[in-house]
Structure formats: C-alpha cells, structure tokens
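Contents: one structure, followed by commentary.
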Amino acid sequence: MGLSLDTYLSLTPFEFYEAYRKFIEKLEKDREWKELHDWRVARWTAYCTGNFDRTEVNSEFDILELPHDDDLLAALETRKKEAESSPERFKLLRQKFGG
C-alpha cells in the first residue's frame, strides 16, 4: 500500500481497513482500465490491418462494441465540435493570442 512504518503504526484498525479497502478498489479499477485499454488497442489494430480499402467498415467502433463506447463517442463528438472553425472562434483565438 506504500505506507511508511510511522503511518502504519499511527492508524487505528478502522482507518487501516478503510485505507486497505480503497487500495484494493484502486487496484481493481486499474486492472479493469488496463483490460479495456488492451481491447481498444486490439480493436484499433484489427481495424487498421483488416480494412485496407476502408469501404466495408466505417469506423473502429463497427468492429467490436466495448463498455463505455457511448461515452467515448460522445467525447469525440464534443471534441470535434469544439475544433470546428467558425468566425467567432477565430475572433476569440485572435484576441487570446494578441494577433
């Protein structure tokens, strides 16, 4: 858990239990994230290597659906909208960078 000896000795049994519980939760979340990341890399690799002409599959999300894909797609759409150029955005950036 990364506790120093002084910290460990100063904890009550309840405090130690809570710290240990949170540590285990973090380990589980890290493991789940790594597994999901590995699946996303595998999906991207399959998309890039298996779809040379780009006519059969429109995006990597068509190959395999993974948990949290809806959240990822929503974030990508938001990022795309923010990146779109418009006269208002140009004026804001021009003011921001003093041009």
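Each chain in the structure tokens gets a letter, A, B, ..., in the order shown, and its residues are numbered from 1; ligands are numbered from 1 in order too.
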
May I have the residues within 9 Å of Met1 of chain A as number ranges by chain, using only C-alpha atoms and disregarding those fewer than 5 positions away in the same chain?
A: 19-20, 23

Take atom CA of Ala46 of chain A and atom CA of Leu27 of chain A and report the distance between them in Å, one decimal.
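Pair atom CA of Ala46 of chain A / atom CA of Leu27 of chain A returns 28.7 Å.
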
Run DSSP on the backbone and tell me which residues of chain A come out as helix (DSSP H, G or I); list them as a PyMOL selection string.
chain A and resi 5-10+13-50+60-62+69-83+87-96
